[in-house]
Structure formats: C-alpha cells, structure tokens
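Undergrad: So here's work25.txt (compact mmCIF, C-alpha atoms).
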```txt
# COMPACT_ATOMS: atom_id res chain seq x y z
CA MET A 1 14.30 -17.98 -17.75
CA GLU A 2 13.09 -17.42 -14.21
CA GLN A 3 11.47 -14.17 -15.31
CA GLU A 4 9.75 -15.94 -18.20
CA THR A 5 8.33 -18.56 -15.85
CA GLU A 6 7.19 -15.87 -13.46
CA SER A 7 5.56 -13.99 -16.30
CA ARG A 8 3.67 -17.12 -17.40
CA ASP A 9 2.56 -17.71 -13.82
CA ASP A 10 1.34 -14.12 -13.68
CA GLU A 11 -0.62 -14.52 -16.91
CA LEU A 12 -2.35 -17.66 -15.66
CA LEU A 13 -3.15 -16.14 -12.29
CA VAL A 14 -4.43 -12.91 -13.81
CA ALA A 15 -6.62 -14.83 -16.25
CA GLY A 16 -7.94 -16.89 -13.35
CA LEU A 17 -8.69 -13.85 -11.24
CA ARG A 18 -10.47 -12.19 -14.15
CA ALA A 19 -12.64 -15.28 -14.38
CA GLY A 20 -13.48 -14.89 -10.68
CA SER A 21 -11.23 -17.64 -9.33
CA GLU A 22 -10.57 -17.33 -5.61
CA ARG A 23 -7.69 -19.76 -5.99
CA ALA A 24 -6.02 -17.50 -8.55
CA PHE A 25 -6.37 -14.57 -6.19
CA ARG A 26 -4.77 -16.57 -3.39
CA GLY A 27 -1.96 -17.47 -5.81
CA ILE A 28 -1.30 -13.80 -6.52
CA VAL A 29 -1.20 -13.00 -2.82
CA GLU A 30 1.17 -15.94 -2.22
CA LEU A 31 3.45 -14.77 -5.02
CA TYR A 32 3.52 -11.06 -4.25
CA GLY A 33 2.23 -10.55 -0.69
CA SER A 34 5.63 -10.54 1.03
CA ARG A 35 7.24 -8.38 -1.66
CA ILE A 36 4.49 -5.79 -1.42
CA TYR A 37 4.81 -5.85 2.38
CA THR A 38 8.57 -5.15 2.08
CA LEU A 39 7.98 -2.41 -0.46
CA VAL A 40 5.35 -0.72 1.71
CA SER A 41 7.54 -1.11 4.80
CA GLY A 42 10.18 1.00 3.08
CA MET A 43 7.90 3.97 3.77
CA ILE A 44 5.84 2.76 6.73
CA SER A 45 7.60 1.33 9.77
CA ASP A 46 4.48 0.44 11.75
CA ARG A 47 3.74 -3.23 11.06
CA VAL A 48 -0.02 -2.99 11.56
CA GLU A 49 -0.26 0.03 9.28
CA ALA A 50 1.91 -1.68 6.67
CA GLU A 51 -0.32 -4.76 6.75
CA ASP A 52 -3.43 -2.61 6.37
CA VAL A 53 -1.91 -0.99 3.30
CA VAL A 54 -0.99 -4.40 1.84
CA GLN A 55 -4.57 -5.54 2.32
CA GLU A 56 -5.84 -2.40 0.60
CA VAL A 57 -3.45 -3.00 -2.31
CA PHE A 58 -4.77 -6.51 -2.89
CA PHE A 59 -8.35 -5.37 -2.46
CA LYS A 60 -7.76 -2.92 -5.30
CA VAL A 61 -6.16 -5.66 -7.38
CA HIS A 62 -9.20 -7.88 -6.82
CA ARG A 63 -11.63 -5.10 -7.62
CA LYS A 64 -9.79 -3.58 -10.57
CA ILE A 65 -8.25 -6.57 -12.31
CA HIS A 66 -10.53 -5.95 -15.29
CA LEU A 67 -8.68 -2.64 -15.80
CA PHE A 68 -5.33 -4.39 -16.21
CA GLU A 69 -4.91 -4.53 -19.98
CA GLY A 70 -1.86 -6.76 -20.06
CA LYS A 71 0.16 -4.27 -22.11
CA SER A 72 2.82 -4.19 -19.40
CA ALA A 73 3.97 -6.85 -16.97
CA PHE A 74 1.54 -7.54 -14.14
CA TYR A 75 4.11 -6.70 -11.47
CA THR A 76 4.55 -3.15 -12.82
CA TRP A 77 0.79 -2.60 -12.53
CA LEU A 78 0.78 -4.11 -9.06
CA TYR A 79 3.73 -2.02 -7.88
CA ARG A 80 2.10 1.16 -9.14
CA ILE A 81 -1.02 0.32 -7.15
CA ALA A 82 1.16 -0.37 -4.11
CA LEU A 83 3.07 2.91 -4.43
CA ASN A 84 -0.12 4.92 -4.90
CA THR A 85 -1.88 3.22 -2.00
CA ALA A 86 1.08 3.76 0.31
CA THR A 87 1.33 7.39 -0.79
CA ASP A 88 -2.37 7.94 -0.10
CA HIS A 89 -1.90 6.37 3.32
CA LEU A 90 1.01 8.70 4.10
CA LYS A 91 -1.04 11.72 3.03
CA ARG A 92 -3.93 10.71 5.28
CA ARG A 93 -1.56 10.03 8.16
CA ARG A 94 0.16 13.38 7.77
CA HIS A 95 -3.22 15.03 7.78
CA ARG A 96 -4.24 13.61 11.13
CA GLU A 97 -0.84 13.38 12.76
CA THR A 98 0.41 16.02 15.10
CA THR A 99 3.30 14.17 16.69
CA SER A 100 6.72 14.29 15.11
CA ILE A 101 9.48 11.73 15.20
CA GLU A 102 11.01 13.53 18.19
CA ASP A 103 7.86 12.73 20.19
CA LEU A 104 8.26 9.00 19.72
CA PRO A 105 8.87 7.06 22.92
CA GLY A 106 12.52 6.34 23.42
CA TYR A 107 13.78 9.06 21.13
CA ASP A 108 16.77 10.65 22.78
CA ALA A 109 18.22 12.92 20.17
CA PRO A 110 20.51 12.29 17.23
CA ALA A 111 23.53 12.28 19.53
CA ARG A 112 22.88 8.60 20.25
CA ALA A 113 21.98 7.66 16.72
CA GLY A 114 24.69 5.84 14.83
CA ARG A 115 26.79 5.21 17.94
CA PRO A 116 27.43 1.47 17.99
CA ASP A 117 28.77 1.71 21.53
CA LEU A 118 25.33 2.85 22.66
CA GLY A 119 23.59 0.16 20.64
CA LEU A 120 21.67 0.98 17.49
CA ASP A 121 18.32 -0.62 17.89
CA ARG A 122 16.96 -2.29 14.75
CA HIS A 123 13.51 -0.94 15.42
CA GLU A 124 14.90 2.56 15.85
CA LEU A 125 16.66 2.30 12.49
CA ARG A 126 13.44 1.03 10.90
CA VAL A 127 11.53 4.02 12.21
CA ARG A 128 14.16 6.53 11.12
CA MET A 129 14.63 5.06 7.67
CA ALA A 130 10.90 4.82 6.96
CA GLU A 131 10.32 8.35 8.24
CA ALA A 132 13.17 9.74 6.14
CA ILE A 133 11.87 7.99 3.03
CA ALA A 134 8.26 8.97 3.75
CA GLU A 135 9.33 12.63 3.88
CA LEU A 136 10.85 12.53 0.40
CA PRO A 137 8.87 13.97 -2.52
CA GLU A 138 6.85 11.22 -4.16
CA ILE A 139 9.03 10.90 -7.29
CA TYR A 140 12.11 10.24 -5.17
CA ARG A 141 10.30 8.04 -2.66
CA ASP A 142 9.02 5.70 -5.37
CA ILE A 143 12.48 5.32 -6.89
CA ILE A 144 14.15 4.58 -3.57
CA VAL A 145 11.71 1.90 -2.42
CA LEU A 146 11.68 0.17 -5.80
CA ARG A 147 15.49 0.14 -5.92
CA GLU A 148 16.51 -0.40 -2.29
CA TYR A 149 13.60 -2.41 -0.90
CA GLU A 150 12.31 -4.23 -3.97
CA ASP A 151 15.71 -4.58 -5.64
CA LEU A 152 14.36 -3.78 -9.10
CA SER A 153 16.86 -3.06 -11.86
CA TYR A 154 17.02 0.43 -13.38
CA GLU A 155 15.23 -0.94 -16.44
CA GLU A 156 12.40 -2.44 -14.34
CA ILE A 157 12.04 0.78 -12.37
CA ALA A 158 11.86 2.77 -15.62
CA THR A 159 9.12 0.45 -16.91
CA THR A 160 7.17 0.57 -13.66
CA LEU A 161 7.27 4.35 -13.38
CA GLY A 162 6.99 5.02 -17.10
CA CYS A 163 10.20 7.04 -17.39
CA SER A 164 13.62 6.64 -19.01
CA LYS A 165 16.60 4.87 -17.49
CA GLY A 166 18.45 8.20 -17.42
CA THR A 167 15.63 9.70 -15.37
CA VAL A 168 15.89 6.78 -12.96
CA GLU A 169 19.62 7.45 -12.51
CA SER A 170 19.23 11.16 -11.88
CA ARG A 171 16.24 10.78 -9.56
CA LEU A 172 18.06 8.08 -7.64
CA PHE A 173 21.03 10.42 -7.26
CA ARG A 174 18.79 13.20 -5.89
CA ALA A 175 16.84 10.86 -3.63
CA ARG A 176 20.02 9.47 -2.11
CA ALA A 177 21.47 12.96 -1.68
CA ARG A 178 18.40 14.01 0.33
CA LEU A 179 18.50 10.84 2.40
CA LYS A 180 22.19 11.30 3.15
CA ASP A 181 21.33 14.63 4.76
CA LYS A 182 18.52 13.15 6.82
CA LEU A 183 20.51 10.09 7.87
CA SER A 184 23.91 11.75 8.27
CA THR A 185 24.30 10.58 11.86
CA TYR A 186 24.20 6.96 10.70
CA LEU A 187 26.76 7.49 7.96
CA ARG A 188 29.74 8.67 9.98
CA MET B 1 33.81 14.87 -13.69
CA ASN B 2 31.51 16.63 -11.20
CA ASP B 3 29.93 15.37 -7.97
CA GLU B 4 26.68 14.27 -9.63
CA GLN B 5 28.43 12.39 -12.42
CA ILE B 6 30.76 10.50 -10.11
CA ARG B 7 27.95 9.61 -7.70
CA ILE B 8 25.72 8.32 -10.52
CA LEU B 9 28.58 6.09 -11.66
CA ILE B 10 29.26 4.87 -8.12
CA GLN B 11 25.58 4.19 -7.51
CA ALA B 12 25.37 2.27 -10.79
CA GLU B 13 28.38 0.21 -9.79
CA LEU B 14 26.99 -0.59 -6.34
CA ALA B 15 23.65 -1.55 -7.94
CA GLY B 16 25.38 -3.81 -10.49
CA GLU B 17 24.10 -1.57 -13.29
CA ILE B 18 27.38 -0.17 -14.56
CA ARG B 19 28.44 -0.76 -18.17
CA PRO B 20 32.06 -1.83 -18.92
CA GLU B 21 33.05 1.52 -20.43
CA GLN B 22 31.58 3.33 -17.41
CA GLU B 23 33.47 1.01 -15.05
CA ALA B 24 36.76 1.95 -16.70
CA GLU B 25 35.81 5.63 -16.45
CA LEU B 26 34.97 5.24 -12.76
CA GLN B 27 38.19 3.43 -11.90
CA GLN B 28 40.22 6.10 -13.64
CA ALA B 29 38.38 8.90 -11.81
CA LEU B 30 38.88 7.15 -8.44
CA ALA B 31 42.59 6.74 -9.14
CA GLU B 32 43.06 10.35 -10.17
CA ASN B 33 41.05 12.09 -7.45
CA PRO B 34 41.39 11.00 -3.80
CA ASP B 35 38.21 12.94 -2.87
CA PHE B 36 36.19 10.56 -5.01
CA GLN B 37 37.23 7.64 -2.81
CA ALA B 38 35.53 9.38 0.16
CA ILE B 39 32.38 9.77 -1.93
CA TYR B 40 32.59 6.08 -2.87
CA ASP B 41 32.84 5.09 0.81
CA GLU B 42 29.89 7.30 1.73
CA GLU B 43 27.73 5.79 -1.00
CA ARG B 44 28.70 2.31 0.15
CA ARG B 45 27.77 3.13 3.76
CA LEU B 46 24.36 4.35 2.62
CA GLY B 47 23.94 1.15 0.61
CA ARG B 48 24.77 -0.92 3.70
CA LEU B 49 22.27 1.07 5.75
CA PHE B 50 19.53 0.20 3.26
CA ALA B 51 20.60 -3.44 3.23
CA THR B 52 20.53 -3.62 7.04
CA ASP B 53 17.12 -2.01 7.19
CA ARG B 54 15.70 -4.17 4.42
CA ALA B 55 16.99 -7.32 6.10
CA SER B 56 15.17 -6.36 9.29
CA ILE B 57 11.80 -6.30 7.53
CA GLU B 58 10.05 -9.61 8.05
CA PRO B 59 6.54 -10.07 6.73
CA PRO B 60 4.43 -11.13 9.73
CA ALA B 61 3.38 -14.76 10.05
CA GLY B 62 -0.02 -15.43 8.51
CA LEU B 63 0.11 -12.29 6.37
CA HIS B 64 -1.08 -13.99 3.19
CA GLU B 65 -3.97 -15.77 4.89
CA ARG B 66 -5.16 -12.60 6.59
CA VAL B 67 -4.92 -10.58 3.39
CA CYS B 68 -6.89 -13.20 1.44
CA ALA B 69 -9.53 -13.54 4.15
CA GLY B 70 -9.90 -9.78 4.51
CA VAL B 71 -10.09 -9.03 0.80
CA LEU B 72 -12.44 -11.89 -0.04
CA ALA B 73 -14.76 -10.97 2.83
CA ARG B 74 -14.90 -7.38 1.57
CA ALA B 75 -15.21 -8.31 -2.07
CA THR B 76 -17.71 -11.17 -2.01
CA PRO B 77 -20.89 -9.27 -1.10
CA ARG B 78 -20.16 -6.68 -3.79
CA ARG B 79 -20.04 -9.37 -6.47
CA ARG B 80 -23.68 -10.09 -5.84
CA PHE B 81 -24.47 -6.64 -7.20
CA GLU B 82 -23.37 -7.19 -10.77
CA PHE B 83 -25.61 -4.66 -12.40
CA SER B 84 -24.97 -5.86 -15.94
CA ARG B 85 -26.63 -9.18 -15.11
CA LEU B 86 -29.52 -7.44 -13.44
CA GLY B 87 -30.28 -5.20 -16.41
CA PRO B 88 -33.85 -6.36 -17.13
CA VAL B 89 -34.76 -6.46 -13.45
CA LEU B 90 -33.37 -2.99 -12.93
CA ALA B 91 -35.34 -1.69 -15.88
CA ILE B 92 -38.59 -2.93 -14.33
CA ALA B 93 -37.55 -1.65 -10.91
CA ALA B 94 -36.75 1.75 -12.42
CA SER B 95 -40.21 1.92 -13.97
CA ILE B 96 -41.85 1.08 -10.65
CA LEU B 97 -39.70 3.65 -8.85
CA LEU B 98 -40.67 6.27 -11.41
CA VAL B 99 -44.36 5.65 -10.73
CA MET B 100 -43.71 5.67 -6.98
CA GLY B 101 -41.67 8.86 -7.30
CA VAL B 102 -44.54 10.67 -8.98
CA SER B 103 -46.95 9.58 -6.26
CA PHE B 104 -44.58 10.85 -3.57
CA TRP B 105 -44.05 14.17 -5.35
CA SER B 106 -46.33 16.08 -2.96
CA GLY B 107 -43.39 17.06 -0.79
CA ARG B 108 -43.28 13.99 1.45
CA ARG B 109 -39.88 12.70 2.35
CA SER B 110 -39.19 9.71 0.08
CA THR B 111 -38.41 6.25 1.36
CA SER B 112 -35.18 6.07 -0.60
CA ALA B 113 -33.93 9.35 0.89
CA GLY B 114 -34.52 7.94 4.35
CA ALA B 115 -32.78 4.73 3.40
CA ASP B 116 -29.81 6.67 2.05
CA GLU B 117 -29.46 8.41 5.39
CA THR B 118 -29.65 5.06 7.13
CA ARG B 119 -27.00 3.58 4.85
CA HIS B 120 -24.78 6.56 5.47
CA GLY B 121 -25.23 6.07 9.21
CA ILE B 122 -24.36 2.38 8.92
CA LEU B 123 -21.22 3.13 6.93
CA GLU B 124 -20.15 5.69 9.52
CA ARG B 125 -20.83 3.20 12.29
CA ARG B 126 -18.85 0.52 10.44
CA ASP B 127 -15.86 2.83 9.96
CA GLN B 128 -16.00 3.87 13.61
CA ILE B 129 -15.94 0.27 14.84
CA VAL B 130 -13.46 -1.07 12.29
CA ARG B 131 -10.97 1.70 13.04
CA GLU B 132 -10.74 0.48 16.62
CA LEU B 133 -10.17 -3.18 15.71
CA PRO B 134 -6.89 -4.89 14.86
CA ALA B 135 -6.56 -5.58 11.11
CA ALA B 136 -6.97 -9.32 11.63
CA ASP B 137 -10.39 -8.92 13.26
CA ARG B 138 -11.87 -6.49 10.78
CA ALA B 139 -13.01 -8.79 7.98
CA PRO B 140 -15.83 -10.61 9.83
CA VAL B 141 -17.18 -7.35 11.23
CA GLU B 142 -17.06 -5.71 7.81
CA ALA B 143 -18.86 -8.70 6.35
CA LEU B 144 -21.52 -8.29 9.03
CA PHE B 145 -22.12 -4.72 7.93
CA GLU B 146 -22.13 -5.71 4.27
CA ARG B 147 -24.87 -8.24 4.99
CA ALA B 148 -26.88 -5.61 6.84
CA LEU B 149 -26.52 -3.22 3.90
CA GLU B 150 -27.69 -5.88 1.50
CA ARG B 151 -30.69 -6.65 3.63
CA LEU B 152 -31.44 -2.96 3.85
CA ALA B 153 -31.37 -2.66 0.07
CA GLU B 154 -33.95 -5.44 -0.12
CA SER B 155 -36.10 -4.12 2.67
CA ASP B 156 -36.08 -0.61 1.22
CA ALA B 157 -38.39 -1.76 -1.52
CA ARG B 158 -40.64 -3.67 0.87
CA HIS B 159 -41.17 -1.77 4.02
CA GLU B 160 -39.41 1.08 5.75
CA THR B 161 -40.30 -0.07 9.23
CA GLU B 162 -38.17 -3.18 8.82
CA THR B 163 -35.13 -0.89 8.86
CA GLY B 164 -35.47 -0.33 12.58
CA ARG B 165 -35.54 -4.05 13.25
CA ILE B 166 -32.45 -4.72 11.08
CA LEU B 167 -30.52 -1.94 12.77
CA GLU B 168 -31.51 -3.26 16.16
CA GLU B 169 -30.36 -6.76 15.19
CA LEU B 170 -27.09 -5.39 13.85
CA GLU B 171 -26.45 -3.43 17.03
CA ASN B 172 -27.26 -6.49 19.17
CA GLU B 173 -24.94 -8.64 17.07
CA ILE B 174 -22.13 -6.11 17.38
CA ASN B 175 -22.61 -5.92 21.14
CA ARG B 176 -22.68 -9.70 21.36
CA ARG B 177 -19.49 -10.14 19.31
CA LEU B 178 -17.60 -7.24 20.80
CA PRO B 179 -18.38 -7.49 24.50
CA GLY B 180 -17.58 -4.48 26.62
CA ARG B 181 -18.77 -2.00 24.01
CA SER B 182 -21.23 0.49 25.32
CA PRO B 183 -24.50 0.61 23.37
CA ARG B 184 -24.58 3.36 20.80
```
Any chance you could put this one into structure tokens?
TA:
Amino acid sequence: MEQETESRDDELLVAGLRAGSERAFRGIVELYGSRIYTLVSGMISDRVEAEDVVQEVFFKVHRKIHLFEGKSAFYTWLYRIALNTATDHLKRRRHRETTSIEDLPGYDAPARAGRPDLGLDRHELRVRMAEAIAELPEIYRDIIVLREYEDLSYEEIATTLGCSKGTVESRLFRARARLKDKLSTYLR
Amino acid sequence: MNDEQIRILIQAELAGEIRPEQEAELQQALAENPDFQAIYDEERRLGRLFATDRASIEPPAGLHERVCAGVLARATPRRRFEFSRLGPVLAIAASILLVMGVSFWSGRRSTSAGADETRHGILERRDQIVRELPAADRAPVEALFERALERLAESDARHETETGRILEELENEINRRLPGRSPR
C-alpha cells in the first residue's frame, strides 16, 4: 500500500517536472534527496564530495526527465543515475588522486582498527567502509550499496540493475566475500 | 552444501529474503555442521558493521534546499535556449550566417571562431573558480557565468568589440563578489 502511494506520488511529480514545474522538482528532491545522499555515501565518505554528487544526480534528473519513459519505476531510473554518477566521480577521483588511505591524517595502521579498547572512531569506520566499497568492481559495488545502504529487496535490486534475483544473490555473495577480506580487522 | 551455498542462505536469512523451505535447509545445515555456525557469526558481524556505518550517515542540514537552488540555477538559463521553439528564427539566422560566411571566406578569421574561443575561455575560467568554492556557494557564481555566456551569444551577432566589455564586467563582478582574488 505504501509502495503504491509512493508510486502515485512519483507519477505526479514526474509528470509535473516534465511540464516544467519547479515545485514538482522540489518534491522529487524532498522525497529522494536524503536516500540518494545515503546511497552515494556508501561509496564516498567525504560529505562535501557526496553532496556534490547528489547535486549532479538531480541536475541530470532535471535535464533528462524527458528520457524517462515510465516503463520502470521512477526510483529504479533515479538509482541508476545515482550509481553511474557516483561511479564517474570515483573514476575521476582515482585519476587525479595520488594519496592512498594510508596517507590519511590519523591513520595509524590496521593494528588499531577494530580494537574497541582503543576506540573505533565513527569517522574512521566511515572512511574505511567507503574506501573498501569504492575499490570493489562496479557490479559488486552497485549491489552492496543498494542492499546495505538503500535497503532494497533482492527483487528491487534485480529490477534496478536489470538482472535476475539469482544474479543478485551470487553477486552479493562475491561482494561480501571481497569486503570481508578488506575489513577483516573489524570482523574479529 | 559448500561455502558459497551456505553463505547465500545465511545472507538471505539476514536480509529477510529467505523462503520457508530454504530456512529449514539452513537450520538443518547449521545443526549438522559446527563450522557453519562460525560462518553465520561472521556474516552477522559484517551485517552489523554495515548497519553501524549506515546509521552514522546523516544527510547534512539544508541539503534539499541547496540541491534545489544549485540545480535550478544551473538549469534555468539553459531553458531559454529551447531550439525547437526558435526554429523559424534560427532558419533566418542560418541564412544570414551563410551570407556572412561567404563574405568572410577570404581567409579572415571569422567572428564566430573568435567567440568560440572566448566561450571556451569563459568555461575554463568558470570551472577554475567553481572548483575552489564550497558547493553551497557555487550556484550564484555559475549563474553569473551563464548570464555572461548568454549575453555573449547575443553580442556575437552584433559586435565583436562588446566582448571585451562583457568580459571586463564579468571579471570585475567576480572580483567584487569574491574579495581577495587576484585579478586574472
């Protein structure tokens, strides 16, 4: 029922935005802005960078709404834009970045990581998680952020990414296996 | 049941995606093989790590307002250039440009080529300035550049010398709004 209502809201807002309504655009940002921010933050820990990406996502929505054909749910189209925009951002960042995670201020080796007695800083965890996810191949990265940060069901993920539910399960398994290696110090 | 199969079942259970027949299969496997319990615990710890991290993500205050302001400021000037509505005007303009193009054919550098270079320079300047600004302050500056580009497009057809004046005004406006910047 809640999904149906949401879907009707989406339809109205999309129709409004197509007609050039600023109010409809604001409605879409109100409805999805925080979710897209959370999704993007799964891969990008820097808040300013994440906000820039969110702005770029909604700029694309505003500019390309005429390309949305309405064959799938609006959120799946929006999430695909968000994933692609975040991926492009990561590629550009990698291109210009020379520092690694070990060069970050305050990094004092994995020995401290995951030791509650030494205090696991929330920000430190944010940085490590986002870095680990950002380093995954794109097909695994998309699955992880949609599942763990956007809390989509397997069915919704399959629809968003245009694959089968079985593919979602196996990619999720591989994505988590890779992350377990990268985050092993936090899992002891 | 191998490692992949048991983990997929565990992950489905933790995600609330497991079907009843799979649940029975999982419980039986956990009861029969003590190693699987360790795998279950590891998967649960990873799940908790995600939950902790996700809970620490808080969208910044004013996010929606800034996104709307930024996007609308970037998008509005572009809407004025809806070419489909300008079809007849463009057709006339194209004819005039064709005549002008022929008259400039003698090897002189065309006005539009010069204007393209100027536009390119403005876009580079915009990117250079915007990169240095916090996200929240970018929209008005971008709008400023958009206005300058629009004016340039109009002036291109009228007189090339006006370009210098517009650029000077733009530079002055930037220096006025962003004090402390050294002149270009």
Undergrad: Measuring between only C-alpha atoms, which one of A:Ala82, A:Ile36, A:Ala134, A:Val29 shows the shortest distance to chain B?
TA: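 Going through A:Ala82, A:Ile36, A:Ala134, A:Val29 one by one, the smallest distance to chain B is for A:Val29.
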Undergrad: Can you build me a table of chain A residues sitting at most 7 Å from chain B, with the closest atom pair per residue and its distance in Å to one decimal, using all atoms listed in the file, sorted by chain and residue number, as a tab-separated table?
TA:
```
residue	atom	partner	partner_atom	distance
A:Arg26	CA	B:Cys68	CA	6.3
A:Val29	CA	B:His64	CA	6.1
A:Glu30	CA	B:His64	CA	6.2
A:Gly33	CA	B:His64	CA	6.2
A:Ser34	CA	B:Pro59	CA	5.8
A:Tyr37	CA	B:Pro59	CA	6.3
A:Thr38	CA	B:Ile57	CA	6.4
A:Asp52	CA	B:Ala135	CA	6.4
A:Gln55	CA	B:Val67	CA	5.2
A:Phe58	CA	B:Val71	CA	6.9
A:Phe59	CA	B:Val71	CA	5.2
A:Leu125	CA	B:Asp53	CA	6.8
A:Arg126	CA	B:Asp53	CA	6.0
A:Glu148	CA	B:Phe50	CA	6.3
A:Tyr149	CA	B:Arg54	CA	6.0
A:Glu169	CA	B:Ile8	CA	6.5
A:Phe173	CA	B:Ile8	CA	6.1
A:Leu187	CA	B:Arg45	CA	6.1
```
Undergrad: When distances are computed from all atoms listed in the file, which of A:Tyr140, A:Arg80, A:Arg63, A:Glu150 shows the smallest separation from Ser41 in chain A?
TA: A:Glu150
Undergrad: Mind pulling up the distance from CA of Pro140 in chain B to CA of Leu167 in chain B?
TA: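 Between CA of Leu167 in chain B and CA of Pro140 in chain B the gap works out to 17.3 Å.
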Undergrad: Excluding Arg126 in chain B and any residue of its chain fewer than 4 positions from it, enumerate the residues within 10 Å of it, using all atoms listed in the file, and give them as a PDB file with C-alpha atoms, in the frame of the given file.
TA:
```pdb
ATOM      1  CA  HIS B 120     -24.780   6.560   5.470  1.00  0.00           C
ATOM      2  CA  GLY B 121     -25.230   6.070   9.210  1.00  0.00           C
ATOM      3  CA  ILE B 122     -24.360   2.380   8.920  1.00  0.00           C
ATOM      4  CA  VAL B 130     -13.460  -1.070  12.290  1.00  0.00           C
ATOM      5  CA  ARG B 131     -10.970   1.700  13.040  1.00  0.00           C
ATOM      6  CA  ARG B 138     -11.870  -6.490  10.780  1.00  0.00           C
ATOM      7  CA  VAL B 141     -17.180  -7.350  11.230  1.00  0.00           C
ATOM      8  CA  GLU B 142     -17.060  -5.710   7.810  1.00  0.00           C
ATOM      9  CA  LEU B 144     -21.520  -8.290   9.030  1.00  0.00           C
ATOM     10  CA  PHE B 145     -22.120  -4.720   7.930  1.00  0.00           C
ATOM     11  CA  GLU B 146     -22.130  -5.710   4.270  1.00  0.00           C
TER      12      GLU B 146
END
```
Undergrad: Report, in Å to a single decimal, how far apart CA of Arg35 in chain A and CA of Ile157 in chain A are.
TA: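 One can read the CA of Ile157 in chain A to CA of Arg35 in chain A distance as 14.9 Å.
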Undergrad: Can you list, as a compact mmCIF listing (two decimals) with C-alpha atoms, keeping the file's coordinate frame, every protein, DNA or RNA residue that comes within 9 Å of Val14 in chain A when you count all atoms listed in the file, leaving out same-chain residues fewer than 3 positions away?
TA:
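Result written to result.txt:
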```
# COMPACT_ATOMS: atom_id res chain seq x y z
CA ASP A 9 2.56 -17.71 -13.82
CA ASP A 10 1.34 -14.12 -13.68
CA GLU A 11 -0.62 -14.52 -16.91
CA LEU A 17 -8.69 -13.85 -11.24
CA ARG A 18 -10.47 -12.19 -14.15
CA ALA A 19 -12.64 -15.28 -14.38
CA ALA A 24 -6.02 -17.50 -8.55
CA PHE A 25 -6.37 -14.57 -6.19
CA ILE A 28 -1.30 -13.80 -6.52
CA ILE A 65 -8.25 -6.57 -12.31
CA PHE A 68 -5.33 -4.39 -16.21
CA PHE A 74 1.54 -7.54 -14.14
```
Undergrad: Can you pull out every residue within 10 Å of Thr76 in chain A, counting all atoms listed in the file, but drop anything in the same chain fewer than 3 positions away, and send it as an MDAnalysis selection string?
TA: chainID A and resid 72:73 79:82 156:162
Undergrad: In Å to one decimal, how far is CA of Ala148 in chain B from CA of Leu170 in chain B?
TA: 7.0 Å
Undergrad: Within 10 Å of (1.6, 7.4, 0.0) in the file's own coordinates, which protein, DNA or RNA residues have an atom, counting only C-alpha atoms? List them as a ChimeraX atom specification.
TA: /A:40,43-44,53,82-94,134,138,141-142
Undergrad: Rank A:Ser153, A:Tyr32, A:His66, A:Leu183 by their smallest atom-to-atom distance to Gly20 in chain A, using all atoms listed in the file, and report the top residue only.
TA: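 Among the listed residues, A:His66 lies closest to Gly20 in chain A.
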Undergrad: Within 8 Å of range 178-180 of chain A, counting only C-alpha atoms, which residues show up once you throw out same-chain ones fewer than 4 positions away? Write them as number ranges by chain, please.
TA: A: 132-133, 136, 174, 184, 187; B: 46
